[in-house]
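I have placed the structure first, in the form of structure tokens, so that the comments after it can refer back to it.
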Amino acid sequence: MEKIAVNVEGLTKRFGRKAVVEHCTFSIAQGAIFGLVGKNGAGKTTLIRLLLGLLKPDTGVISVSGFNPWLHEQSYYRSLGVALENDGFSGNLTIQENLKLYAAAKGLTWTATQDYIRHYWAETVIGAEIAGKGKKAKYLSRGQRVQCGLCRAFLGWPSVYFLDEPTVALDVQGYEHFCAMTREARNRGATMLISSHQLSTIEELCDEVGILDNRRLHDVHKGAEEPVQQWTLVADYSSEHDNIIEHCIGPNAEYADGAWRFSIENSDTIIPQLITKLAAAGCCIREVRREKQELKDAIKAHYESSDSRST
């Protein structure tokens with residue numbers, strides 16, 4: 001049975017008369033990476049602050065690894081990895097001085113923290129600053145401060161992560177390093193919620209995607225879960241092969257530019273049968289691929305559907 005790490009039921013939060021989230025219900029399975037998307041002002045950061053216990057819900061239930069965030073238990077915060085818009089580093093302290101404070105707050109020894117930095121952050125500004133005398137955090141660039149915030153978030157390898165726009169201002173190396181750290185955390189069994197406008201990040205890292213729209217969270221499928229899938233089969237044309245494809249797929253297959261293109265359900269069964277029959281008929285198959293629906297197209301389709309329901 002799938003174990004749930006984050007469970008939200010009937011969550012509502014108002015500021016004055018305006019509801020930012022309303023009757024919002026969703027869950028994240030343990031070990032999953034969940035992508036949170038939505039327009040500016042949709043309430044994504046508010047939702048994360050509710051999950052952190054920084055805001056109190058008006059109604060509804062939140063459970064994160066069995067904790068109620070609003071109780072503000074120390075063990076809850078020690079189990080979390082958090083990256084918000086503010087990196088959390090004091091500008092008048094060095095990177096090392098900042099990390100010593102956070103390590104102590106998490107109950108980690110400085111020796112263990114140094115090992116973590118040497119192993120995972122040696123090639124970044126953090127490793128360089130720890131090895132040397134170090135300069136105050138306020139003199140770091142924005143991208144460097146983002147890296148510091150991520151280093152703090154992954155410190156101690158927490159079981160649950162809430163990351164709000166974690167790749168903003170990162171250069172190529174910084175972005176690749178973040179992706180590597182995310183995968184390492186997942187390999188350790190961690191659960192993550194990543195909120196980002198960078199759809200490439202969401203597509204690359206997330207198992208599931210939800211869009212916060214009209215005060216509620218809606219599922220957005222990235223393509224793999226769609227019942228009807230688009231396929232392309234690259235091969236030379238012949239009437240015999242065309243008959244085989246029509247027999248297996250139906251009349252919706254079209255041949256153009258050296259390839260058949262078609263949409264099907266039950267591809268796990270149909271595609272192997274089709275390939276077997278074509279190969280037996282001497283068809284030289286150069287490529288078979290499923291065309292994934294891009295996340296931006298899924299999001300666009302959601303908004304178009306939402307607009308049509310509201311009119």
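Ordering of the structure tokens sets the chain letters (A, B, ...), residue numbers begin anew at 1 in every chain, and ligands are numbered from 1 in the order given.
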* Mind checking which residues fall within 6 Å of A:Leu80, counting only C-alpha atoms, ignoring those fewer than 5 positions away in the same chain, and posting them as a ChimeraX atom specification? => /A:158,160-161
* Got a sec to tell me which of stretch 104-261 of chain A DSSP assigns to helix (DSSP H, G or I), as JSON, numbers by chain? -> {"A": [104, 105, 110, 111, 112, 113, 114, 115, 116, 117, 118, 119, 120, 125, 126, 127, 128, 129, 130, 131, 137, 138, 139, 142, 143, 144, 145, 146, 147, 148, 149, 150, 151, 152, 153, 154, 172, 173, 174, 175, 176, 177, 178, 179, 180, 181, 182, 183, 184, 185, 186, 187, 199, 200, 201, 202, 203, 204, 205, 239, 240, 241, 242, 243, 244, 245, 246, 247, 248, 249]}
Residue subset to file, keeping C-alpha atoms, as a PDB file, in the first residue's frame:
```pdb
ATOM      1  CA  ALA A 104      23.412  23.134  15.590  1.00  0.00           C
ATOM      2  CA  ALA A 105      19.689  23.834  15.073  1.00  0.00           C
ATOM      3  CA  TRP A 110      30.195  20.466  12.803  1.00  0.00           C
ATOM      4  CA  THR A 111      32.395  17.492  11.869  1.00  0.00           C
ATOM      5  CA  ALA A 112      29.462  15.795  10.132  1.00  0.00           C
ATOM      6  CA  THR A 113      28.566  19.086   8.444  1.00  0.00           C
ATOM      7  CA  GLN A 114      32.110  19.516   7.145  1.00  0.00           C
ATOM      8  CA  ASP A 115      32.021  15.981   5.716  1.00  0.00           C
ATOM      9  CA  TYR A 116      28.738  16.825   3.969  1.00  0.00           C
ATOM     10  CA  ILE A 117      30.210  20.010   2.485  1.00  0.00           C
ATOM     11  CA  ARG A 118      33.429  18.312   1.371  1.00  0.00           C
ATOM     12  CA  HIS A 119      31.525  15.481  -0.281  1.00  0.00           C
ATOM     13  CA  TYR A 120      28.699  17.417  -1.959  1.00  0.00           C
ATOM     14  CA  VAL A 125      31.554  28.658  -3.617  1.00  0.00           C
ATOM     15  CA  ILE A 126      30.520  26.991  -0.357  1.00  0.00           C
ATOM     16  CA  GLY A 127      33.381  24.519  -0.419  1.00  0.00           C
ATOM     17  CA  ALA A 128      35.833  27.239  -1.389  1.00  0.00           C
ATOM     18  CA  GLU A 129      34.673  29.584   1.382  1.00  0.00           C
ATOM     19  CA  ILE A 130      34.730  26.850   4.025  1.00  0.00           C
ATOM     20  CA  ALA A 131      38.267  25.858   3.027  1.00  0.00           C
ATOM     21  CA  ALA A 137      27.377  36.328   3.071  1.00  0.00           C
ATOM     22  CA  LYS A 138      26.301  39.840   2.098  1.00  0.00           C
ATOM     23  CA  TYR A 139      29.182  40.003  -0.385  1.00  0.00           C
ATOM     24  CA  ARG A 142      22.551  36.291  -5.832  1.00  0.00           C
ATOM     25  CA  GLY A 143      23.269  32.935  -7.441  1.00  0.00           C
ATOM     26  CA  GLN A 144      25.842  32.121  -4.763  1.00  0.00           C
ATOM     27  CA  ARG A 145      23.344  32.948  -2.026  1.00  0.00           C
ATOM     28  CA  VAL A 146      20.781  30.671  -3.691  1.00  0.00           C
ATOM     29  CA  GLN A 147      23.361  27.882  -3.549  1.00  0.00           C
ATOM     30  CA  CYS A 148      23.906  28.611   0.138  1.00  0.00           C
ATOM     31  CA  GLY A 149      20.172  28.295   0.748  1.00  0.00           C
ATOM     32  CA  LEU A 150      20.120  24.952  -1.065  1.00  0.00           C
ATOM     33  CA  CYS A 151      23.147  23.725   0.885  1.00  0.00           C
ATOM     34  CA  ARG A 152      21.229  24.536   4.072  1.00  0.00           C
ATOM     35  CA  ALA A 153      18.092  22.799   2.756  1.00  0.00           C
ATOM     36  CA  PHE A 154      19.874  19.512   2.005  1.00  0.00           C
ATOM     37  CA  VAL A 172      24.371  26.038 -15.619  1.00  0.00           C
ATOM     38  CA  GLN A 173      26.726  24.358 -13.158  1.00  0.00           C
ATOM     39  CA  GLY A 174      24.612  25.433 -10.207  1.00  0.00           C
ATOM     40  CA  TYR A 175      21.477  24.069 -11.864  1.00  0.00           C
ATOM     41  CA  GLU A 176      23.090  20.716 -12.649  1.00  0.00           C
ATOM     42  CA  HIS A 177      24.349  20.491  -9.084  1.00  0.00           C
ATOM     43  CA  PHE A 178      20.851  21.155  -7.735  1.00  0.00           C
ATOM     44  CA  CYS A 179      19.428  18.388  -9.944  1.00  0.00           C
ATOM     45  CA  ALA A 180      22.121  15.995  -8.700  1.00  0.00           C
ATOM     46  CA  MET A 181      21.337  16.852  -5.066  1.00  0.00           C
ATOM     47  CA  THR A 182      17.621  16.376  -5.713  1.00  0.00           C
ATOM     48  CA  ARG A 183      18.190  12.923  -7.184  1.00  0.00           C
ATOM     49  CA  GLU A 184      20.475  11.993  -4.293  1.00  0.00           C
ATOM     50  CA  ALA A 185      17.778  13.016  -1.810  1.00  0.00           C
ATOM     51  CA  ARG A 186      15.215  10.981  -3.707  1.00  0.00           C
ATOM     52  CA  ASN A 187      17.514   7.951  -3.719  1.00  0.00           C
ATOM     53  CA  LEU A 199       8.864  24.199 -16.465  1.00  0.00           C
ATOM     54  CA  SER A 200      12.020  22.465 -17.696  1.00  0.00           C
ATOM     55  CA  THR A 201      12.961  21.880 -14.046  1.00  0.00           C
ATOM     56  CA  ILE A 202       9.533  20.459 -13.246  1.00  0.00           C
ATOM     57  CA  GLU A 203       9.583  18.184 -16.297  1.00  0.00           C
ATOM     58  CA  GLU A 204      13.095  16.943 -15.589  1.00  0.00           C
ATOM     59  CA  LEU A 205      12.689  16.158 -11.900  1.00  0.00           C
ATOM     60  CA  SER A 239       1.098  -1.344 -48.969  1.00  0.00           C
ATOM     61  CA  GLU A 240       1.653  -4.610 -47.035  1.00  0.00           C
ATOM     62  CA  HIS A 241       3.051  -2.749 -44.041  1.00  0.00           C
ATOM     63  CA  ASP A 242       0.280  -0.183 -44.286  1.00  0.00           C
ATOM     64  CA  ASN A 243      -2.291  -2.994 -44.086  1.00  0.00           C
ATOM     65  CA  ILE A 244      -0.602  -4.435 -40.987  1.00  0.00           C
ATOM     66  CA  ILE A 245      -0.615  -1.051 -39.272  1.00  0.00           C
ATOM     67  CA  GLU A 246      -4.249  -0.444 -40.154  1.00  0.00           C
ATOM     68  CA  HIS A 247      -5.163  -3.881 -38.828  1.00  0.00           C
ATOM     69  CA  CYS A 248      -3.364  -3.255 -35.483  1.00  0.00           C
ATOM     70  CA  ILE A 249      -3.997   0.464 -35.048  1.00  0.00           C
TER      71      ILE A 249
END
```
* stretch 4-8 of chain A environment, 8 Å, only C-alpha atoms, sequence neighbours closer than 3 positions dropped, as a PyMOL selection string -> chain A and resi 11+24-30+60-66+160+191
Write out the residues from the selection above, keeping C-alpha atoms, as an mmCIF file, in the first residue's frame.
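This is the output file result-v2.cif:
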```
data_model
loop_
_atom_site.group_PDB
_atom_site.id
_atom_site.type_symbol
_atom_site.label_atom_id
_atom_site.label_comp_id
_atom_site.auth_asym_id
_atom_site.auth_seq_id
_atom_site.Cartn_x
_atom_site.Cartn_y
_atom_site.Cartn_z
ATOM 1 C CA LEU A 11 -7.518 23.415 3.276
ATOM 2 C CA CYS A 24 -7.824 22.398 -1.319
ATOM 3 C CA THR A 25 -7.171 18.651 -1.125
ATOM 4 C CA PHE A 26 -4.130 16.698 -2.341
ATOM 5 C CA SER A 27 -1.509 14.195 -1.223
ATOM 6 C CA ILE A 28 2.105 13.350 -2.046
ATOM 7 C CA ALA A 29 3.352 9.782 -1.778
ATOM 8 C CA GLN A 30 6.460 9.045 0.228
ATOM 9 C CA GLY A 60 -8.784 21.966 6.860
ATOM 10 C CA VAL A 61 -6.201 19.404 7.903
ATOM 11 C CA ILE A 62 -2.478 19.251 7.070
ATOM 12 C CA SER A 63 -0.308 16.263 7.909
ATOM 13 C CA VAL A 64 3.373 16.031 6.924
ATOM 14 C CA SER A 65 5.022 12.763 7.964
ATOM 15 C CA GLY A 66 2.406 12.573 10.691
ATOM 16 C CA VAL A 160 10.696 16.010 3.330
ATOM 17 C CA THR A 191 9.663 13.357 -0.503
#
```
* Residue nearest A:Glu291 - candidates A:Leu274, A:Ile264, A:Ala83, A:Leu217, atoms counted: only C-alpha atoms ->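 Under the stated criterion, the closest residue is A:Ile264.
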* **Shell of 10 Å around A:Leu54, only C-alpha atoms, local chain residues under 4 positions omitted, as a list in words** => Thr46, Leu47, Ile48, Arg49, Leu50, Pro69, Trp70 and His72 of chain A
Write a file of the selected residues as a compact mmCIF listing (two decimals), in the first residue's frame, keeping N, CA and C atoms.
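Listed below is the output, selection_14.txt:
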```txt
# COMPACT_ATOMS: atom_id res chain seq x y z
N THR A 46 1.94 30.82 -0.57
CA THR A 46 1.04 30.73 0.58
C THR A 46 0.83 29.27 0.97
N LEU A 47 0.63 28.40 -0.01
CA LEU A 47 0.44 26.98 0.25
C LEU A 47 1.66 26.39 0.95
N ILE A 48 2.86 26.74 0.47
CA ILE A 48 4.07 26.22 1.09
C ILE A 48 4.20 26.73 2.52
N ARG A 49 3.86 27.98 2.76
CA ARG A 49 3.94 28.54 4.12
C ARG A 49 2.93 27.86 5.05
N LEU A 50 1.81 27.45 4.52
CA LEU A 50 0.86 26.68 5.32
C LEU A 50 1.44 25.31 5.67
N PRO A 69 1.83 20.82 11.11
CA PRO A 69 2.80 21.92 11.06
C PRO A 69 2.53 23.04 12.06
N TRP A 70 1.27 23.32 12.34
CA TRP A 70 0.95 24.46 13.20
C TRP A 70 1.36 24.24 14.65
N HIS A 72 4.32 23.37 15.50
CA HIS A 72 5.69 23.91 15.55
C HIS A 72 6.63 23.05 16.40
```
* **Pick from A:Phe34, A:Ala19, A:Ala253, A:Ser75, whichever lies nearest to A:Pro57 using only C-alpha atoms** => A:Ala19
